[in-house]
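Data from structure-v5.pdb: PDB, C-alpha atoms
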```pdb
ATOM      1  CA  MET A 886       0.000   0.000   0.000
ATOM      2  CA  SER A 887       1.095   3.608  -0.469
ATOM      3  CA  LEU A 888       1.710   5.797   2.555
ATOM      4  CA  ALA A 889      -1.001   8.454   2.922
ATOM      5  CA  LEU A 890       0.315  12.015   3.235
ATOM      6  CA  VAL A 891      -1.721  15.036   4.266
ATOM      7  CA  THR A 892      -0.735  18.587   3.286
ATOM      8  CA  HIS A 893      -2.092  21.867   1.920
ATOM      9  CA  PRO A 894      -0.524  24.665  -0.175
ATOM     10  CA  GLU A 895      -1.830  27.266   2.302
ATOM     11  CA  TYR A 896       0.544  25.923   4.997
ATOM     12  CA  SER A 897       3.261  28.149   3.539
ATOM     13  CA  TYR A 898       2.237  31.712   2.667
ATOM     14  CA  ASP A 899       3.916  35.105   2.162
ATOM     15  CA  PHE A 900       5.666  35.675   5.474
ATOM     16  CA  PRO A 901       8.352  38.081   6.785
ATOM     17  CA  GLN A 902      11.719  36.566   5.815
ATOM     18  CA  LYS A 903      13.474  37.973   8.874
ATOM     19  CA  HIS A 904      11.071  36.239  11.252
ATOM     20  CA  ARG A 905      12.462  33.361  13.296
ATOM     21  CA  PHE A 906       9.672  30.978  12.298
ATOM     22  CA  PRO A 907      10.473  29.104   9.035
ATOM     23  CA  MET A 908       7.070  29.348   7.346
ATOM     24  CA  GLN A 909       8.241  28.016   3.969
ATOM     25  CA  LYS A 910       9.344  24.654   5.376
ATOM     26  CA  PHE A 911       5.919  23.075   4.810
ATOM     27  CA  LYS A 912       5.961  23.772   1.083
ATOM     28  CA  LEU A 913       9.601  22.722   0.825
ATOM     29  CA  LEU A 914       8.904  19.487   2.703
ATOM     30  CA  HIS A 915       6.157  18.499   0.268
ATOM     31  CA  GLN A 916       8.334  19.490  -2.669
ATOM     32  CA  TYR A 917      11.257  17.396  -1.380
ATOM     33  CA  LEU A 918       9.042  14.347  -0.836
ATOM     34  CA  LYS A 919       7.736  14.693  -4.393
ATOM     35  CA  GLU A 920      11.321  14.750  -5.668
ATOM     36  CA  GLN A 921      12.010  11.550  -3.716
ATOM     37  CA  GLY A 922       8.977   9.850  -5.235
ATOM     38  CA  ILE A 923       7.330   9.477  -1.822
ATOM     39  CA  ALA A 924       4.618  12.112  -2.333
ATOM     40  CA  THR A 925       2.481  11.499  -5.414
ATOM     41  CA  ALA A 926      -0.868  12.702  -6.663
ATOM     42  CA  SER A 927      -2.420   9.384  -5.648
ATOM     43  CA  ASN A 928      -1.272   9.306  -2.006
ATOM     44  CA  THR A 929      -1.461  13.004  -1.096
ATOM     45  CA  VAL A 930      -4.637  14.279   0.548
ATOM     46  CA  ARG A 931      -5.669  17.919   1.022
ATOM     47  CA  PRO A 932      -7.643  18.833   4.169
ATOM     48  CA  GLY A 933     -10.341  21.477   4.327
ATOM     49  CA  SER A 934     -10.859  24.312   6.785
ATOM     50  CA  ALA A 935     -12.054  23.472  10.290
ATOM     51  CA  LYS A 936     -15.566  23.968  11.510
ATOM     52  CA  ILE A 937     -15.719  25.744  14.843
ATOM     53  CA  GLU A 938     -17.203  22.630  16.496
ATOM     54  CA  LEU A 939     -13.994  20.694  15.798
ATOM     55  CA  LEU A 940     -11.822  23.369  17.367
ATOM     56  CA  GLN A 941     -14.041  23.545  20.445
ATOM     57  CA  ASN A 942     -12.945  19.993  21.221
ATOM     58  CA  ALA A 943      -9.880  21.615  22.752
ATOM     59  CA  HIS A 944     -10.338  25.405  22.810
ATOM     60  CA  CYS A 945     -12.361  28.180  24.413
ATOM     61  CA  PRO A 946     -15.087  29.581  22.104
ATOM     62  CA  ASP A 947     -14.281  33.185  23.068
ATOM     63  CA  TYR A 948     -10.584  32.716  22.306
ATOM     64  CA  LEU A 949     -11.390  31.128  18.953
ATOM     65  CA  ASN A 950     -13.689  33.980  18.012
ATOM     66  CA  ARG A 951     -11.168  36.655  18.987
ATOM     67  CA  PHE A 952      -8.373  34.985  17.019
ATOM     68  CA  ILE A 953     -10.536  34.478  13.928
ATOM     69  CA  THR A 954     -11.765  38.083  13.975
ATOM     70  CA  ASN A 955      -8.306  39.571  14.705
ATOM     71  CA  GLN A 956      -9.246  40.871  18.145
ATOM     72  CA  LEU A 957      -6.331  39.470  20.172
ATOM     73  CA  THR A 958      -4.527  42.012  22.347
ATOM     74  CA  ASP A 959      -0.970  43.106  21.579
ATOM     75  CA  LYS A 960       0.192  41.068  24.580
ATOM     76  CA  GLU A 961      -1.559  37.970  23.264
ATOM     77  CA  ILE A 962      -0.003  38.419  19.819
ATOM     78  CA  ARG A 963       3.472  38.789  21.360
ATOM     79  CA  ARG A 964       2.917  35.539  23.256
ATOM     80  CA  MET A 965       1.673  33.898  20.049
ATOM     81  CA  GLY A 966       4.952  34.886  18.392
ATOM     82  CA  LEU A 967       3.452  35.312  14.914
ATOM     83  CA  PRO A 968       1.965  38.400  13.250
ATOM     84  CA  TRP A 969      -1.768  38.016  12.589
ATOM     85  CA  SER A 970      -2.719  37.955   8.906
ATOM     86  CA  GLU A 971      -5.309  36.405   6.621
ATOM     87  CA  GLY A 972      -2.660  33.910   5.525
ATOM     88  CA  LEU A 973      -1.998  32.900   9.122
ATOM     89  CA  LEU A 974      -5.734  32.562   9.737
ATOM     90  CA  ARG A 975      -6.244  30.306   6.705
ATOM     91  CA  ARG A 976      -3.368  27.948   7.536
ATOM     92  CA  THR A 977      -4.308  27.855  11.229
ATOM     93  CA  LEU A 978      -7.864  26.730  10.476
ATOM     94  CA  ILE A 979      -6.676  24.006   8.097
ATOM     95  CA  SER A 980      -3.860  22.390  10.080
ATOM     96  CA  PRO A 981      -5.962  20.769  12.855
ATOM     97  CA  VAL A 982      -8.118  19.183  10.150
ATOM     98  CA  GLY A 983      -4.917  17.900   8.572
ATOM     99  CA  THR A 984      -3.837  16.124  11.759
ATOM    100  CA  THR A 985      -7.337  14.750  12.344
ATOM    101  CA  LEU A 986      -7.450  13.493   8.756
ATOM    102  CA  ALA A 987      -4.016  11.865   9.139
ATOM    103  CA  CYS A 988      -5.325  10.094  12.248
ATOM    104  CA  GLN A 989      -8.364   8.820  10.367
ATOM    105  CA  LEU A 990      -6.153   7.565   7.525
ATOM    106  CA  ALA A 991      -3.830   5.871  10.011
ATOM    107  CA  LEU A 992      -6.785   4.069  11.572
ATOM    108  CA  LYS A 993      -7.613   2.749   8.134
ATOM    109  CA  ASN A 994      -4.091   1.991   6.895
ATOM    110  CA  GLY A 995      -1.954   1.563  10.019
ATOM    111  CA  ILE A 996       0.181   4.664   9.473
ATOM    112  CA  ALA A 997      -0.191   8.130   7.910
ATOM    113  CA  CYS A 998       1.787  11.383   7.948
ATOM    114  CA  HIS A 999       0.703  15.004   8.253
ATOM    115  CA  LEU A1000       3.276  17.339   6.687
ATOM    116  CA  ALA A1001       2.565  19.961   9.355
ATOM    117  CA  GLY A1002       1.125  19.958  12.886
ATOM    118  CA  GLY A1003       2.533  19.424  16.338
ATOM    119  CA  THR A1004       1.481  22.837  17.685
ATOM    120  CA  HIS A1005       1.778  21.705  21.286
ATOM    121  CA  HIS A1006       2.237  25.100  23.006
ATOM    122  CA  ALA A1007      -1.310  26.212  22.171
ATOM    123  CA  HIS A1008      -3.420  26.292  25.342
ATOM    124  CA  TYR A1009      -7.170  26.157  25.898
ATOM    125  CA  ASP A1010      -7.600  29.920  25.731
ATOM    126  CA  PHE A1011      -4.357  31.434  24.467
ATOM    127  CA  ALA A1012      -1.635  31.016  21.852
ATOM    128  CA  SER A1013       2.026  30.574  22.744
ATOM    129  CA  GLY A1014       5.358  29.821  21.102
ATOM    130  CA  PHE A1015       4.202  29.965  17.453
ATOM    131  CA  CYS A1016       1.249  27.684  18.325
ATOM    132  CA  ILE A1017      -2.337  28.908  18.001
ATOM    133  CA  LEU A1018      -4.528  25.801  17.910
ATOM    134  CA  ASN A1019      -3.465  22.540  19.506
ATOM    135  CA  ASP A1020      -3.937  20.021  16.706
ATOM    136  CA  LEU A1021      -2.737  17.174  18.941
ATOM    137  CA  ALA A1022      -5.431  17.745  21.563
ATOM    138  CA  ILE A1023      -8.101  18.488  18.964
ATOM    139  CA  SER A1024      -7.393  15.288  17.042
ATOM    140  CA  ALA A1025      -7.106  13.063  20.105
ATOM    141  CA  ASN A1026     -10.365  14.378  21.566
ATOM    142  CA  THR A1027     -12.085  14.013  18.203
ATOM    143  CA  LEU A1028     -11.054  10.363  17.866
ATOM    144  CA  ILE A1029     -12.332   9.651  21.372
ATOM    145  CA  THR A1030     -15.580  11.600  20.913
ATOM    146  CA  GLN A1031     -16.311   9.812  17.647
ATOM    147  CA  GLY A1032     -15.811   6.471  19.379
ATOM    148  CA  LYS A1033     -13.082   5.428  16.934
ATOM    149  CA  VAL A1034     -10.554   4.628  19.676
ATOM    150  CA  LYS A1035     -10.586   4.072  23.426
ATOM    151  CA  LYS A1036      -7.148   5.362  24.436
ATOM    152  CA  VAL A1037      -4.766   7.703  22.624
ATOM    153  CA  LEU A1038      -1.085   8.144  23.412
ATOM    154  CA  ILE A1039       0.449  11.440  22.314
ATOM    155  CA  PHE A1040       4.176  10.720  22.149
ATOM    156  CA  ASP A1041       5.901  14.080  21.732
ATOM    157  CA  VAL A1042       9.652  14.204  21.094
ATOM    158  CA  ASP A1043       9.861  17.874  20.111
ATOM    159  CA  VAL A1044      12.757  19.414  22.065
ATOM    160  CA  HIS A1045      10.312  21.705  23.897
ATOM    161  CA  GLN A1046       7.775  20.406  26.383
ATOM    162  CA  GLY A1047       4.223  20.026  25.086
ATOM    163  CA  ASP A1048       2.841  22.240  27.835
ATOM    164  CA  GLY A1049      -0.362  23.247  26.071
ATOM    165  CA  THR A1050      -1.209  19.636  25.247
ATOM    166  CA  ALA A1051      -0.572  18.583  28.850
ATOM    167  CA  ARG A1052      -2.787  21.297  30.306
ATOM    168  CA  ILE A1053      -5.668  20.884  27.858
ATOM    169  CA  LEU A1054      -5.763  17.130  28.438
ATOM    170  CA  GLU A1055      -4.783  16.982  32.112
ATOM    171  CA  ASN A1056      -8.205  15.735  33.246
ATOM    172  CA  ASN A1057      -8.817  13.443  30.277
ATOM    173  CA  ASP A1058      -8.071   9.850  31.264
ATOM    174  CA  LYS A1059      -8.636   8.652  27.690
ATOM    175  CA  VAL A1060      -5.627  10.548  26.327
ATOM    176  CA  PHE A1061      -2.140   9.930  27.727
ATOM    177  CA  THR A1062       0.435  12.675  27.157
ATOM    178  CA  CYS A1063       4.152  11.861  27.110
ATOM    179  CA  SER A1064       6.683  14.628  26.459
ATOM    180  CA  VAL A1065      10.372  13.857  25.853
ATOM    181  CA  HIS A1066      12.096  17.240  25.974
ATOM    182  CA  CYS A1067      15.170  19.234  26.962
ATOM    183  CA  GLU A1068      14.650  20.191  30.600
ATOM    184  CA  LYS A1069      16.401  23.587  30.279
ATOM    185  CA  ASN A1070      14.413  24.972  27.373
ATOM    186  CA  PHE A1071      11.116  26.676  26.532
ATOM    187  CA  PRO A1072       8.681  26.890  28.241
ATOM    188  CA  ALA A1073      10.357  28.129  31.406
ATOM    189  CA  ARG A1074       7.344  27.063  33.465
ATOM    190  CA  LYS A1075       6.626  23.444  32.643
ATOM    191  CA  ALA A1076       3.226  21.805  32.768
ATOM    192  CA  GLN A1077       2.729  18.257  34.056
ATOM    193  CA  SER A1078       2.219  15.670  31.334
ATOM    194  CA  ASP A1079       1.076  12.176  32.244
ATOM    195  CA  LEU A1080       4.736  11.256  31.686
ATOM    196  CA  ASP A1081       7.494  13.852  31.394
ATOM    197  CA  ILE A1082      10.964  12.741  30.339
ATOM    198  CA  ASN A1083      13.407  15.562  31.020
ATOM    199  CA  ILE A1084      16.634  15.334  29.025
ATOM    200  CA  PRO A1085      19.679  17.300  30.235
ATOM    201  CA  ARG A1086      21.044  20.052  28.026
ATOM    202  CA  ASP A1087      23.801  18.979  25.574
ATOM    203  CA  THR A1088      22.841  15.292  25.746
ATOM    204  CA  GLN A1089      24.535  13.306  22.964
ATOM    205  CA  THR A1090      22.844  11.053  20.405
ATOM    206  CA  ASP A1091      23.329   7.617  21.970
ATOM    207  CA  GLU A1092      22.171   8.674  25.417
ATOM    208  CA  TYR A1093      19.233  10.548  23.921
ATOM    209  CA  LEU A1094      18.106   7.503  21.942
ATOM    210  CA  GLN A1095      18.236   5.263  25.024
ATOM    211  CA  ILE A1096      16.239   7.712  27.139
ATOM    212  CA  MET A1097      13.701   8.188  24.341
ATOM    213  CA  ALA A1098      13.255   4.443  23.746
ATOM    214  CA  ASP A1099      12.846   3.730  27.450
ATOM    215  CA  GLY A1100      10.291   6.526  27.617
ATOM    216  CA  PHE A1101       8.324   5.171  24.677
ATOM    217  CA  GLU A1102       8.157   1.679  26.139
ATOM    218  CA  LYS A1103       7.121   3.049  29.527
ATOM    219  CA  ALA A1104       4.425   5.273  28.014
ATOM    220  CA  VAL A1105       2.965   2.381  26.003
ATOM    221  CA  ALA A1106       3.073   0.022  28.988
ATOM    222  CA  ILE A1107       1.269   2.503  31.238
ATOM    223  CA  SER A1108      -1.293   3.842  28.782
ATOM    224  CA  LYS A1109      -2.035   0.706  26.729
ATOM    225  CA  PRO A1110      -3.148   2.822  23.756
ATOM    226  CA  ASP A1111      -5.042   1.704  20.693
ATOM    227  CA  PHE A1112      -3.805   4.776  18.782
ATOM    228  CA  ILE A1113      -0.628   6.889  18.852
ATOM    229  CA  ILE A1114      -0.009  10.428  17.633
ATOM    230  CA  TYR A1115       3.725  10.939  17.161
ATOM    231  CA  ASP A1116       5.091  14.494  17.251
ATOM    232  CA  ALA A1117       8.458  14.023  15.513
ATOM    233  CA  GLY A1118      10.022  17.443  16.152
ATOM    234  CA  VAL A1119      13.497  17.814  14.670
ATOM    235  CA  ASP A1120      14.616  20.694  16.905
ATOM    236  CA  VAL A1121      16.623  18.121  18.901
ATOM    237  CA  PHE A1122      19.205  18.418  16.085
ATOM    238  CA  ILE A1123      22.659  19.540  17.197
ATOM    239  CA  ASP A1124      22.602  22.656  14.983
ATOM    240  CA  ASP A1125      19.028  23.749  15.622
ATOM    241  CA  PRO A1126      19.164  27.306  17.012
ATOM    242  CA  LEU A1127      16.391  26.617  19.547
ATOM    243  CA  GLY A1128      17.354  23.071  20.484
ATOM    244  CA  LEU A1129      20.149  22.776  23.111
ATOM    245  CA  LEU A1130      20.571  19.026  22.512
ATOM    246  CA  ASN A1131      23.325  17.339  20.473
ATOM    247  CA  VAL A1132      21.430  14.801  18.382
ATOM    248  CA  SER A1133      22.803  13.916  14.938
ATOM    249  CA  LEU A1134      20.861  13.462  11.707
ATOM    250  CA  SER A1135      21.386   9.706  11.926
ATOM    251  CA  GLY A1136      20.113   9.916  15.510
ATOM    252  CA  ILE A1137      16.879  11.538  14.357
ATOM    253  CA  ARG A1138      16.465   8.794  11.760
ATOM    254  CA  ALA A1139      17.127   6.079  14.359
ATOM    255  CA  ARG A1140      14.603   7.709  16.708
ATOM    256  CA  ASP A1141      11.841   7.924  14.106
ATOM    257  CA  ASN A1142      12.514   4.400  12.878
ATOM    258  CA  TYR A1143      12.372   3.056  16.427
ATOM    259  CA  VAL A1144       9.069   4.689  17.326
ATOM    260  CA  LEU A1145       7.297   3.898  14.059
ATOM    261  CA  LYS A1146       8.620   0.348  13.874
ATOM    262  CA  ARG A1147       7.482  -0.345  17.434
ATOM    263  CA  CYS A1148       4.015   1.038  16.652
ATOM    264  CA  LEU A1149       3.724  -1.312  13.680
ATOM    265  CA  GLU A1150       5.148  -4.275  15.626
ATOM    266  CA  LEU A1151       2.598  -3.644  18.363
ATOM    267  CA  LYS A1152      -0.133  -3.204  15.739
ATOM    268  CA  ILE A1153      -1.016   0.238  17.081
ATOM    269  CA  PRO A1154      -2.040   2.690  14.328
ATOM    270  CA  VAL A1155       0.124   5.815  14.307
ATOM    271  CA  ALA A1156      -0.160   9.276  12.758
ATOM    272  CA  THR A1157       2.882  11.547  12.549
ATOM    273  CA  VAL A1158       3.128  15.331  12.703
ATOM    274  CA  ILE A1159       6.316  17.305  12.088
ATOM    275  CA  GLY A1160       6.637  19.471  15.198
ATOM    276  CA  GLY A1161       9.416  22.019  15.645
ATOM    277  CA  GLY A1162      12.533  22.783  13.635
ATOM    278  CA  TYR A1163      14.018  26.259  13.212
ATOM    279  CA  ASP A1164      17.042  26.183  10.913
ATOM    280  CA  LYS A1165      17.407  29.312   8.772
ATOM    281  CA  ASN A1166      18.292  27.045   5.838
ATOM    282  CA  GLU A1167      14.735  25.935   5.191
ATOM    283  CA  HIS A1168      15.715  23.470   2.459
ATOM    284  CA  LEU A1169      17.908  21.519   4.886
ATOM    285  CA  LEU A1170      15.228  21.857   7.538
ATOM    286  CA  ALA A1171      12.618  20.388   5.194
ATOM    287  CA  GLN A1172      14.899  17.413   4.546
ATOM    288  CA  ARG A1173      15.217  16.931   8.311
ATOM    289  CA  HIS A1174      11.430  16.944   8.698
ATOM    290  CA  ALA A1175      11.230  14.439   5.847
ATOM    291  CA  ILE A1176      13.083  11.804   7.870
ATOM    292  CA  ALA A1177       9.986  10.637   9.776
ATOM    293  CA  VAL A1178       8.057  10.401   6.500
ATOM    294  CA  GLU A1179      10.880   8.500   4.808
ATOM    295  CA  GLU A1180      10.999   6.015   7.680
ATOM    296  CA  ALA A1181       7.206   5.656   7.638
ATOM    297  CA  TYR A1182       7.362   5.045   3.894
ATOM    298  CA  LYS A1183       9.983   2.299   4.217
ATOM    299  CA  LEU A1184       8.223   0.640   7.140
ATOM    300  CA  SER A1185       4.795   0.770   5.516
ATOM    301  CA  ASN A1186       6.211  -1.163   2.574
ATOM    302  CA  THR A1187       7.661  -3.745   4.968
ATOM    303  CA  PHE A1188       4.844  -4.199   7.482
ATOM    304  CA  LEU A1189       1.652  -3.370   5.624
TER     305      LEU A1189
END
```
As structure tokens, please, write out the structure in this file.
Amino acid sequence: MSLALVTHPEYSYDFPQKHRFPMQKFKLLHQYLKEQGIATASNTVRPGSAKIELLQNAHCPDYLNRFITNQLTDKEIRRMGLPWSEGLLRRTLISPVGTTLACQLALKNGIACHLAGGTHHAHYDFASGFCILNDLAISANTLITQGKVKKVLIFDVDVHQGDGTARILENNDKVFTCSVHCEKNFPARKAQSDLDINIPRDTQTDEYLQIMADGFEKAVAISKPDFIIYDAGVDVFIDDPLGLLNVSLSGIRARDNYVLKRCLELKIPVATVIGGGYDKNEHLLAQRHAIAVEEAYKLSNTFL
């Protein structure tokens, strides 16, 4: 079977080049995967824009309305970290649908990849750290509400803690949150996930991989999920400007292969999202984000 990929051209839009957030990486990721023959017209799916009911699975109606109508305060926009625009609004309303769609495709096929998503700093009623809507929480809650799964594990290996995900889902015993992150990094005030794995600053590849693998096995053993959402952030990379860990490219590949292979071995459907990555060279960054998709592609041809 072919690996299902979810993306949308609106994910990358005209954006200030001097801004720290690499907005073109989504387009470049899709382009790179097409060049590799992994993304084709037949396996690429385009999501639509979210209905407000979907977003309310994880967010405050008043907050949603104020973001959509450009009524956030200057302080809220500074915390969001992105300038409000019609382009930002369009992509923001599509991305949670993309992750939800990838989850639905993974339920059907065993594995699927969203070429965006992982906006884990978005909280119930405010944006933070380039994250406006929490696609992880929205998708997990949607799967549960629709009765498609009984227990979701969100396994988040972005270098920053998934604080928004943890807080939105803290009282939801049907979704288990596990965050594997650099302990001395954003956010300064950590939330409490169901399982937090704090990795010391400057940790090297081999040690990182062992800690991550132990964390994955522990999270699966505790939560006993029938679905996994995997946030494969690449900001753990040694040269990522916002990372503070020393993980190599081959380490990222080994990590993604381990997690996805274990999901398939355990027969637990898994959907991937790309998470964080902040290299100024967006072409190299896109190739880094492609690693999880490449590993999913190889494994899907082996297992499925």
Quick one: what's the axis-aligned box for range 1063-1078 of chain A, all listed atoms, 6 Å on every side, centre and edges in Å to one decimal, as AutoDock Vina command-line options?
```
--center_x 9.3 --center_y 20.0 --center_z 30.0 --size_x 26.2 --size_y 28.3 --size_z 20.2
```
Calculate how many Å separate CA of Pro946 in chain A from CA of Asp1010 in chain A, rounding to one decimal.
8.3 Å
Could you check the closest approach to Asp1099 in chain A for each of A:Ser970, A:Val1144, A:Thr1187, A:Ala1117 and tell me which residue wins, using all atoms listed in the file?
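Comparing A:Ser970, A:Val1144, A:Thr1187, A:Ala1117 against Asp1099 in chain A, the winner is A:Val1144.
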Non-local contacts of Phe1101 in chain A (8 Å; all atoms listed in the file; under 3 positions in same chain excluded) as number ranges by chain
A: 1040, 1097-1098, 1104-1105, 1144
Which one is closest to Ile1153 in chain A: A:Leu1170, A:Ile1176, A:Met908, A:Ile1114? Count only C-alpha atoms.
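For Ile1153 in chain A, the nearest of the candidates is A:Ile1114.
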Tell me, in Å to one decimal, how far CA of Phe900 in chain A is from CA of Gly972 in chain A.
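Distance between the two atoms: 8.5 Å.
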Would you kindly translate the PyMOL selection byres ((chain A and resi 914) around 9) into the concrete residues it picks from this file, as number ranges by chain?
A: 909-913, 915-919, 1000, 1168, 1170-1175
Writer output for current selection, C-alpha atoms, as an mmCIF file, in the coordinates of the input:
```cif
data_model
loop_
_atom_site.group_PDB
_atom_site.id
_atom_site.type_symbol
_atom_site.label_atom_id
_atom_site.label_comp_id
_atom_site.auth_asym_id
_atom_site.auth_seq_id
_atom_site.Cartn_x
_atom_site.Cartn_y
_atom_site.Cartn_z
ATOM 1 C CA GLN A 909 8.241 28.016 3.969
ATOM 2 C CA LYS A 910 9.344 24.654 5.376
ATOM 3 C CA PHE A 911 5.919 23.075 4.810
ATOM 4 C CA LYS A 912 5.961 23.772 1.083
ATOM 5 C CA LEU A 913 9.601 22.722 0.825
ATOM 6 C CA HIS A 915 6.157 18.499 0.268
ATOM 7 C CA GLN A 916 8.334 19.490 -2.669
ATOM 8 C CA TYR A 917 11.257 17.396 -1.380
ATOM 9 C CA LEU A 918 9.042 14.347 -0.836
ATOM 10 C CA LYS A 919 7.736 14.693 -4.393
ATOM 11 C CA LEU A 1000 3.276 17.339 6.687
ATOM 12 C CA HIS A 1168 15.715 23.470 2.459
ATOM 13 C CA LEU A 1170 15.228 21.857 7.538
ATOM 14 C CA ALA A 1171 12.618 20.388 5.194
ATOM 15 C CA GLN A 1172 14.899 17.413 4.546
ATOM 16 C CA ARG A 1173 15.217 16.931 8.311
ATOM 17 C CA HIS A 1174 11.430 16.944 8.698
ATOM 18 C CA ALA A 1175 11.230 14.439 5.847
#
```
If you measure from CA of Ser1108 in chain A to CA of Phe1061 in chain A, what distance in Å do you get, rounded to one decimal?
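Atom-to-atom, CA of Ser1108 in chain A to CA of Phe1061 in chain A, that is 6.2 Å.
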Pick out the residues sitting within 8 Å of range 1055-1058 of chain A, and hand them over as a list in words; count all atoms listed in the file, and ignore anything fewer than 2 positions along from it in its own chain.
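So, after excluding close chain neighbours, the residues are Ala1051, Arg1052, Ile1053, Val1060, Phe1061, Gln1077, Ser1078 and Asp1079 of chain A.
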Which of A:Glu920, A:Glu961, A:Glu1179, A:Glu1167 sits closest to Gln902 in chain A [using all atoms listed in the file]:
A:Glu1167
Go through A:Leu1094, A:Ala943, A:Ala997, A:Ile1084 and flag the residue nearest Asp1020 in chain A, using all atoms listed in the file for the distances.
A:Ala943
Using all atoms listed in the file, which of the listed residues (A:Ser897, A:Asn1070, A:Thr892, A:Thr1088) sits closest to Leu973 in chain A?
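Of all the options, A:Ser897 lies closest to Leu973 in chain A.
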Repair of range 943-954 of chain A at the level of N, CA and C atoms, as a PDB file, in the frame of the given file:
```pdb
ATOM      1  N   ALA A 943     -11.054  21.344  21.922  1.00  0.00           N
ATOM      2  CA  ALA A 943      -9.880  21.615  22.752  1.00  0.00           C
ATOM      3  C   ALA A 943      -9.723  23.079  23.146  1.00  0.00           C
ATOM      4  N   HIS A 944     -10.577  23.981  22.606  1.00  0.00           N
ATOM      5  CA  HIS A 944     -10.338  25.405  22.810  1.00  0.00           C
ATOM      6  C   HIS A 944     -11.587  26.173  23.235  1.00  0.00           C
ATOM      7  N   CYS A 945     -11.327  27.279  23.907  1.00  0.00           N
ATOM      8  CA  CYS A 945     -12.361  28.180  24.413  1.00  0.00           C
ATOM      9  C   CYS A 945     -13.047  28.917  23.254  1.00  0.00           C
ATOM     10  N   PRO A 946     -14.378  28.901  23.196  1.00  0.00           N
ATOM     11  CA  PRO A 946     -15.087  29.581  22.104  1.00  0.00           C
ATOM     12  C   PRO A 946     -14.745  31.061  21.987  1.00  0.00           C
ATOM     13  N   ASP A 947     -14.599  31.749  23.119  1.00  0.00           N
ATOM     14  CA  ASP A 947     -14.281  33.185  23.068  1.00  0.00           C
ATOM     15  C   ASP A 947     -12.899  33.409  22.472  1.00  0.00           C
ATOM     16  N   TYR A 948     -11.930  32.608  22.866  1.00  0.00           N
ATOM     17  CA  TYR A 948     -10.584  32.716  22.306  1.00  0.00           C
ATOM     18  C   TYR A 948     -10.607  32.460  20.808  1.00  0.00           C
ATOM     19  N   LEU A 949     -11.303  31.432  20.382  1.00  0.00           N
ATOM     20  CA  LEU A 949     -11.390  31.128  18.953  1.00  0.00           C
ATOM     21  C   LEU A 949     -11.976  32.302  18.181  1.00  0.00           C
ATOM     22  N   ASN A 950     -13.035  32.865  18.697  1.00  0.00           N
ATOM     23  CA  ASN A 950     -13.689  33.980  18.012  1.00  0.00           C
ATOM     24  C   ASN A 950     -12.769  35.192  17.917  1.00  0.00           C
ATOM     25  N   ARG A 951     -12.048  35.474  18.997  1.00  0.00           N
ATOM     26  CA  ARG A 951     -11.168  36.655  18.987  1.00  0.00           C
ATOM     27  C   ARG A 951      -9.983  36.454  18.060  1.00  0.00           C
ATOM     28  N   PHE A 952      -9.455  35.227  17.972  1.00  0.00           N
ATOM     29  CA  PHE A 952      -8.373  34.985  17.019  1.00  0.00           C
ATOM     30  C   PHE A 952      -8.882  35.112  15.589  1.00  0.00           C
ATOM     31  N   ILE A 953     -10.004  34.493  15.294  1.00  0.00           N
ATOM     32  CA  ILE A 953     -10.536  34.478  13.928  1.00  0.00           C
ATOM     33  C   ILE A 953     -10.869  35.885  13.445  1.00  0.00           C
ATOM     34  N   THR A 954     -11.352  36.728  14.352  1.00  0.00           N
ATOM     35  CA  THR A 954     -11.765  38.083  13.975  1.00  0.00           C
ATOM     36  C   THR A 954     -10.671  39.130  14.233  1.00  0.00           C
TER      37      THR A 954
END
```
